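Below is model_25.txt, holding compact mmCIF, C-alpha atoms and all ligand atoms.
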```
# COMPACT_ATOMS: atom_id res chain seq x y z
CA MET A 1 23.52 21.40 2.39
CA LYS A 2 21.96 20.83 -1.00
CA ILE A 3 21.25 17.28 -2.23
CA LEU A 4 21.10 16.48 -5.94
CA VAL A 5 19.19 13.29 -6.80
CA ALA A 6 19.37 11.66 -10.24
CA VAL A 7 16.11 10.03 -11.32
CA LYS A 8 15.61 8.00 -14.47
CA ARG A 9 12.37 7.16 -16.29
CA VAL A 10 12.35 3.42 -16.97
CA VAL A 11 9.85 0.71 -17.88
CA ASP A 12 7.67 -0.01 -14.81
CA ALA A 13 9.11 -2.89 -12.77
CA LYS A 14 5.84 -4.83 -13.09
CA VAL A 15 5.89 -4.83 -16.91
CA LYS A 16 7.21 -7.97 -18.61
CA VAL A 17 9.44 -6.76 -21.42
CA ARG A 18 9.95 -8.79 -24.62
CA PRO A 19 12.51 -8.31 -27.40
CA LEU A 20 11.52 -6.70 -30.69
CA PRO A 21 10.92 -9.23 -33.50
CA ASP A 22 14.37 -8.42 -34.98
CA HIS A 23 16.05 -8.74 -31.53
CA SER A 24 17.59 -5.30 -31.92
CA GLY A 25 16.33 -4.18 -28.50
CA PRO A 26 13.48 -4.48 -26.02
CA ASP A 27 9.97 -3.67 -27.24
CA ILE A 28 9.06 -0.81 -24.91
CA LYS A 29 7.13 1.53 -27.22
CA LEU A 30 3.79 1.02 -25.46
CA ALA A 31 5.13 -0.03 -22.06
CA ARG A 32 4.03 1.69 -18.86
CA MET A 33 6.89 3.81 -17.52
CA ALA A 34 7.81 4.87 -13.99
CA MET A 35 10.66 6.22 -11.91
CA ASN A 36 13.51 3.72 -11.46
CA PRO A 37 12.72 2.07 -8.08
CA PHE A 38 16.22 2.68 -6.63
CA ASP A 39 15.90 6.37 -7.58
CA GLU A 40 12.59 6.54 -5.72
CA ILE A 41 14.45 5.25 -2.64
CA ALA A 42 17.17 7.87 -3.19
CA VAL A 43 14.58 10.68 -3.42
CA GLU A 44 12.83 9.46 -0.25
CA GLU A 45 16.15 9.43 1.61
CA ALA A 46 17.02 12.93 0.38
CA VAL A 47 13.61 14.25 1.46
CA GLU A 48 13.91 12.56 4.87
CA LEU A 49 17.36 14.15 5.31
CA LYS A 50 15.78 17.52 4.56
CA GLU A 51 12.85 16.87 6.91
CA SER A 52 15.28 15.99 9.71
CA GLY A 53 17.20 19.24 9.17
CA LYS A 54 20.36 17.64 7.69
CA ALA A 55 19.76 19.12 4.23
CA THR A 56 18.35 22.44 3.12
CA GLU A 57 17.29 21.71 -0.45
CA VAL A 58 16.58 18.66 -2.62
CA VAL A 59 17.00 19.04 -6.37
CA ALA A 60 15.95 16.20 -8.73
CA VAL A 61 17.57 15.83 -12.14
CA THR A 62 16.69 13.63 -15.09
CA ILE A 63 18.14 13.16 -18.56
CA GLY A 64 15.75 12.11 -21.32
CA GLY A 65 12.88 13.03 -23.62
CA ALA A 66 9.90 15.27 -22.89
CA LYS A 67 8.06 12.54 -20.97
CA SER A 68 10.92 12.26 -18.44
CA VAL A 69 9.34 15.28 -16.73
CA ASP A 70 6.83 12.77 -15.24
CA VAL A 71 9.52 11.33 -12.96
CA LEU A 72 10.57 14.82 -11.91
CA ARG A 73 6.96 15.53 -10.92
CA THR A 74 6.93 12.32 -8.88
CA ALA A 75 10.22 13.31 -7.19
CA MET A 76 8.72 16.72 -6.33
CA ALA A 77 5.53 15.05 -5.06
CA ILE A 78 7.71 12.99 -2.69
CA GLY A 79 9.22 16.29 -1.54
CA ALA A 80 12.03 17.48 -3.85
CA ASP A 81 12.00 21.30 -4.00
CA ARG A 82 12.76 21.77 -7.68
CA SER A 83 13.97 19.90 -10.75
CA ILE A 84 16.29 20.01 -13.71
CA HIS A 85 15.40 18.30 -16.99
CA VAL A 86 18.31 17.69 -19.38
CA GLN A 87 16.41 17.25 -22.61
CA THR A 88 17.53 14.71 -25.22
CA ASP A 89 15.74 12.12 -27.33
CA ASP A 90 18.96 10.17 -27.90
CA VAL A 91 20.08 7.03 -26.07
CA VAL A 92 22.03 8.03 -22.95
CA GLU A 93 24.54 5.42 -21.84
CA PRO A 94 25.94 5.45 -18.28
CA LEU A 95 29.18 7.26 -19.28
CA ALA A 96 27.17 9.99 -21.02
CA ALA A 97 24.78 10.21 -18.04
CA ALA A 98 27.76 10.55 -15.69
CA LYS A 99 29.31 13.32 -17.83
CA ILE A 100 26.00 15.19 -17.97
CA LEU A 101 25.42 14.82 -14.23
CA ALA A 102 28.99 16.07 -13.63
CA LYS A 103 28.05 19.28 -15.49
CA ILE A 104 24.93 19.68 -13.36
CA VAL A 105 27.00 19.12 -10.20
CA GLU A 106 29.40 21.84 -11.40
CA LYS A 107 26.44 24.22 -11.79
CA GLU A 108 24.56 23.31 -8.59
CA ALA A 109 27.47 22.52 -6.18
CA PRO A 110 25.52 20.03 -4.01
CA GLY A 111 27.07 18.51 -0.86
CA LEU A 112 25.58 15.10 -1.57
CA ILE A 113 24.81 13.52 -4.93
CA LEU A 114 22.38 10.61 -4.68
CA LEU A 115 21.69 8.08 -7.43
CA GLY A 116 20.10 4.66 -7.60
CA LYS A 117 22.54 1.76 -7.37
CA GLN A 118 21.32 0.67 -10.80
CA ALA A 119 18.66 1.46 -13.35
CA ILE A 120 16.39 -1.55 -13.84
CA ASP A 121 16.23 -1.05 -17.61
CA ASP A 122 19.92 -1.59 -18.37
CA ASP A 123 21.06 -3.00 -14.97
CA CYS A 124 24.41 -1.30 -15.58
CA GLY A 125 25.12 0.09 -12.11
CA GLN A 126 27.84 2.24 -13.69
CA THR A 127 26.63 5.84 -13.57
CA GLY A 128 27.33 6.49 -9.86
CA PRO A 129 30.88 5.06 -9.90
CA MET A 130 31.69 6.88 -13.17
CA LEU A 131 30.30 10.16 -11.80
CA SER A 132 32.45 9.93 -8.69
CA GLY A 133 35.46 9.23 -10.92
CA LEU A 134 34.75 12.23 -13.14
CA LEU A 135 34.18 14.50 -10.13
CA LYS A 136 37.20 13.02 -8.30
CA CYS A 137 35.08 12.77 -5.18
CA PRO A 138 34.39 9.85 -2.81
CA LEU A 139 31.82 7.16 -3.58
CA GLY A 140 29.57 5.26 -1.18
CA ALA A 141 27.97 2.61 -3.41
CA PHE A 142 25.07 0.34 -2.34
CA ALA A 143 24.10 2.52 0.63
CA GLY A 144 21.75 1.00 3.21
CA GLU A 145 22.11 3.88 5.67
CA ILE A 146 23.33 7.48 5.61
CA ALA A 147 24.31 9.49 8.69
CA PHE A 148 26.29 12.65 9.32
CA GLY A 149 29.22 12.85 11.72
CA ASP A 150 30.14 15.96 13.75
CA ASP A 151 33.22 16.36 11.55
CA GLY A 152 31.16 17.38 8.50
CA ARG A 153 31.64 14.00 6.83
CA VAL A 154 28.96 11.59 5.73
CA LEU A 155 28.84 8.05 7.15
CA VAL A 156 27.57 5.55 4.61
CA THR A 157 26.75 2.00 5.63
CA ARG A 158 27.18 -0.10 2.52
CA GLU A 159 25.43 -3.36 1.77
CA THR A 160 28.04 -5.97 0.84
CA ASP A 161 27.74 -9.70 0.11
CA GLY A 162 29.08 -10.63 3.53
CA GLY A 163 27.28 -8.00 5.65
CA THR A 164 27.75 -4.26 5.88
CA GLN A 165 30.67 -1.85 5.73
CA THR A 166 30.52 1.69 7.12
CA VAL A 167 32.69 4.30 5.43
CA SER A 168 33.26 7.97 6.27
CA LEU A 169 33.33 10.21 3.20
CA ALA A 170 34.38 13.83 2.79
CA LEU A 171 31.77 16.01 1.06
CA PRO A 172 30.88 16.44 -1.71
CA ALA A 173 30.29 12.72 -2.15
CA VAL A 174 28.40 10.46 -4.52
CA VAL A 175 26.16 7.87 -2.86
CA THR A 176 24.13 5.18 -4.61
CA ALA A 177 20.94 3.88 -2.97
CA ASP A 178 20.37 0.22 -2.20
CA LEU A 179 17.02 -1.34 -1.31
CA ARG A 180 17.11 -0.79 2.47
CA LEU A 181 18.15 2.89 2.42
CA ALA A 182 14.56 4.17 2.72
CA GLU A 183 10.98 3.17 2.10
CA PRO A 184 9.39 5.46 -0.49
CA ARG A 185 6.24 7.13 0.79
CA TYR A 186 2.90 6.81 -0.96
CA VAL A 187 2.47 9.72 -3.35
CA THR A 188 -0.91 11.33 -2.69
CA LEU A 189 -3.01 13.32 -5.17
CA PRO A 190 -2.63 16.60 -3.22
CA SER A 191 1.16 16.19 -3.20
CA MET A 192 1.05 15.54 -6.97
CA ALA A 193 -1.00 18.73 -7.40
CA LYS A 194 1.50 20.66 -5.26
CA ALA A 195 4.38 19.25 -7.32
CA ARG A 196 2.88 20.77 -10.48
CA LYS A 197 3.61 24.23 -9.06
CA LYS A 198 7.28 23.50 -8.33
CA PRO A 199 9.88 24.76 -10.84
CA VAL A 200 11.42 22.57 -13.56
CA GLU A 201 14.42 24.01 -15.38
CA THR A 202 14.93 22.60 -18.88
CA ILE A 203 18.43 22.44 -20.33
CA ALA A 204 19.09 21.20 -23.87
CA LEU A 205 21.77 18.53 -23.87
CA ALA A 206 23.52 20.36 -26.73
CA ASP A 207 24.00 23.40 -24.45
CA LEU A 208 26.06 21.41 -21.95
CA GLY A 209 28.93 20.76 -24.38
CA VAL A 210 29.16 17.07 -23.43
CA ASP A 211 30.20 14.29 -25.80
CA ALA A 212 27.26 11.95 -25.15
CA ALA A 213 27.72 9.79 -28.26
CA PRO A 214 27.02 6.08 -27.60
CA ARG A 215 30.08 3.84 -27.16
CA ILE A 216 28.14 0.57 -27.01
CA ARG A 217 26.59 -1.35 -29.93
CA THR A 218 23.80 -3.77 -28.99
CA LEU A 219 24.30 -6.94 -31.01
CA CYS A 220 21.27 -8.94 -29.89
CA VAL A 221 18.56 -8.93 -27.22
CA GLU A 222 17.21 -12.33 -26.15
CA PRO A 223 14.66 -13.27 -23.46
CA PRO A 224 15.94 -15.57 -20.71
CA PRO A 225 15.53 -19.30 -21.50
CA ALA A 226 12.06 -20.60 -20.58
CA ARG A 227 11.94 -22.55 -17.31
CA LYS A 228 11.45 -26.30 -17.63
CA ALA A 229 8.02 -27.59 -16.58
CA GLY A 230 7.76 -28.96 -13.02
CA VAL A 231 7.39 -32.67 -12.18
CA MET A 232 4.70 -34.10 -9.87
CA VAL A 233 6.06 -36.62 -7.39
CA SER A 234 3.89 -39.26 -5.71
CA SER A 235 5.74 -39.61 -2.40
CA VAL A 236 8.24 -37.98 -0.08
CA ASP A 237 10.68 -40.80 -0.85
CA GLU A 238 10.48 -40.01 -4.55
CA LEU A 239 11.02 -36.30 -3.80
CA VAL A 240 14.09 -37.05 -1.70
CA GLU A 241 15.39 -39.39 -4.38
CA LYS A 242 14.96 -36.68 -7.04
CA LEU A 243 16.55 -34.02 -4.86
CA ARG A 244 19.54 -36.32 -4.24
CA ASN A 245 20.04 -37.46 -7.81
CA GLU A 246 18.72 -34.64 -9.98
CA ALA A 247 19.08 -31.45 -7.94
CA HIS A 248 22.59 -32.29 -6.70
CA VAL A 249 21.58 -32.05 -3.03
CA LEU A 250 23.76 -34.08 -0.63
P1 LIG A 301 22.83 2.75 -14.42
O1 LIG A 301 24.30 2.99 -14.33
O2 LIG A 301 22.29 2.95 -15.81
O3 LIG A 301 22.41 1.42 -13.84
O4 LIG A 301 22.09 3.89 -13.56
C1 LIG A 301 22.40 4.08 -12.19
C2 LIG A 301 21.74 5.33 -11.70
O5 LIG A 301 22.22 6.47 -12.43
C3 LIG A 301 20.24 5.40 -11.83
O6 LIG A 301 19.59 4.72 -10.77
C4 LIG A 301 19.99 6.92 -11.79
O7 LIG A 301 20.05 7.40 -10.47
C5 LIG A 301 21.21 7.45 -12.56
N1 LIG A 301 20.89 7.63 -14.00
C6 LIG A 301 21.25 6.82 -15.03
N2 LIG A 301 20.74 7.28 -16.19
C7 LIG A 301 20.02 8.39 -15.89
C8 LIG A 301 19.22 9.31 -16.64
N3 LIG A 301 19.05 9.18 -17.96
N4 LIG A 301 18.64 10.33 -15.98
C9 LIG A 301 18.80 10.49 -14.64
N5 LIG A 301 19.52 9.65 -13.88
C10 LIG A 301 20.12 8.62 -14.49
```
Represent the structure from my file as structure tokens, please.
Ligand code: AMP
Amino acid sequence: MKILVAVKRVVDAKVKVRPLPDHSGPDIKLARMAMNPFDEIAVEEAVELKESGKATEVVAVTIGGAKSVDVLRTAMAIGADRSIHVQTDDVVEPLAAAKILAKIVEKEAPGLILLGKQAIDDDCGQTGPMLSGLLKCPLGAFAGEIAFGDDGRVLVTRETDGGTQTVSLALPAVVTADLRLAEPRYVTLPSMAKARKKPVETIALADLGVDAAPRIRTLCVEPPPARKAGVMVSSVDELVEKLRNEAHVL
């Protein structure tokens, strides 16, 4: 079984992003970039499934500008066998990403399509659900565990607010990775060097015949309100009094 994993290049999670002076968007021109953390988890899971004999090939795919190849190299250093780069310098919203990924699924015919549960740049969490809708195939969103039954179906244990839910999905299926699905391995220099020799296929977005035009207009980008300064208390009694009367604690 082939696994296709979608990986997005986003601003590194440790970078504090600020809005542009005109509030038209985030100021990310000089920001350090990295693979979306949930996609890293998805790649690790795919590679572990291959290492345990449940999958035969792991293919990473990204949609973006020339520098997006960096995240494909990282995916291949983790253990993906090859990569596909859908090249575009335009903004790619979740619906467009889902349509593009649907085309790649058509071409590659994977058994399992893994994505992150959300990209930490837009926090949309929409691409996986939209992709499963477009493909008319089952969705296991927020996966904390993946297993395979003897019946050729995939068992996905989903993280929910109240605990977990295990669902059995017919293949091909779309699964989105939550935090506990896998722990990404440390990428070593030799594995990075090895990844440089693995194949990357480049496809121009225009050649896919997908309407990827943006549907969303950003009106304003604001930072979250600054936190109020803390207050020093002189005694436990004063702390309890403040908690009771100001923090609405019973
Ligand atoms: P989002 O719906 O934007 O929160 O993204 C959810 C997931 O969709 C990400 O974690 C990726 O796995 C995938 N995805 C979204 N945009 C892209 C992209 N431009 N290239 C590759 N994968 C993407």
Distance filter 6 Å around ligand LIG 301 (chain A), atoms: all atoms listed in the file, out as a list in words: Ala6, Val7, Lys8, Phe38, Asp39, Thr62, Ile63, Gly64, Val92, Pro94, Ala97, Leu115, Gly116, Lys117, Gln118, Ala119, Asp122, Asp123, Cys124, Gly125, Gln126, Thr127 and Gly128 of chain A
Radius query 12 Å about (25.5, 19.7, -25.6), atoms used: all atoms listed in the file, as a VMD selection string: chain A and resid 86 to 88 90 96 99 to 100 103 203 to 213
CA of Pro199 in chain A to CA of Arg73 in chain A, distance in Å rounded to a single decimal: 9.7 Å
Computed interatomic separation between CA of Val11 in chain A and CA of Asp121 in chain A (Å): 6.6 Å
Surrounding residues of range 163-169 of chain A excluding itself and chain neighbours under 3 positions, 8 Å, only C-alpha atoms, as a list in words: Pro138, Leu139, Gly140, Arg153, Val154, Leu155, Val156, Thr157, Arg158, Glu159, Thr160 and Ala173 of chain A
Counting only C-alpha atoms, the option among A:Glu93, A:Glu40, A:Glu246, A:Glu241 closest to Ala80 in chain A: A:Glu40
Range 143-152 of chain A environment, 7 Å, only C-alpha atoms, sequence neighbours closer than 6 positions dropped, as a ChimeraX atom specification: /A:158-159,175-181
Contacts of Val233 in chain A within 9 Å, only C-alpha atoms, excl. fewer than 5 positions in-chain, as number ranges by chain: A: 238-239, 242
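In this model, the gap between CA of Ser191 in chain A and CA of Ala75 in chain A comes to 10.3 Å.
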Residues near Ile113 in chain A, cut-off 6 Å, all atoms listed in the file, skip fewer than 4 positions along chain, as a list in words: Ile3, Leu4, Val5 and Val174 of chain A
Which of A:Pro37, A:Gly25, A:Pro129, A:Pro214 sits closest to Val71 in chain A [using all atoms listed in the file]: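 Using all atoms listed in the file, the shortest distance to Val71 in chain A belongs to A:Pro37.
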Counting only C-alpha atoms, the option among A:Pro184, A:Pro225, A:Pro21, A:Gly162 closest to Ile41 in chain A: A:Pro184
Nearest candidate to Lys2 in chain A (options A:Asp22, A:Glu57, A:Asp27, A:Glu106; using only C-alpha atoms):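 Among the listed residues, A:Glu57 lies closest to Lys2 in chain A.
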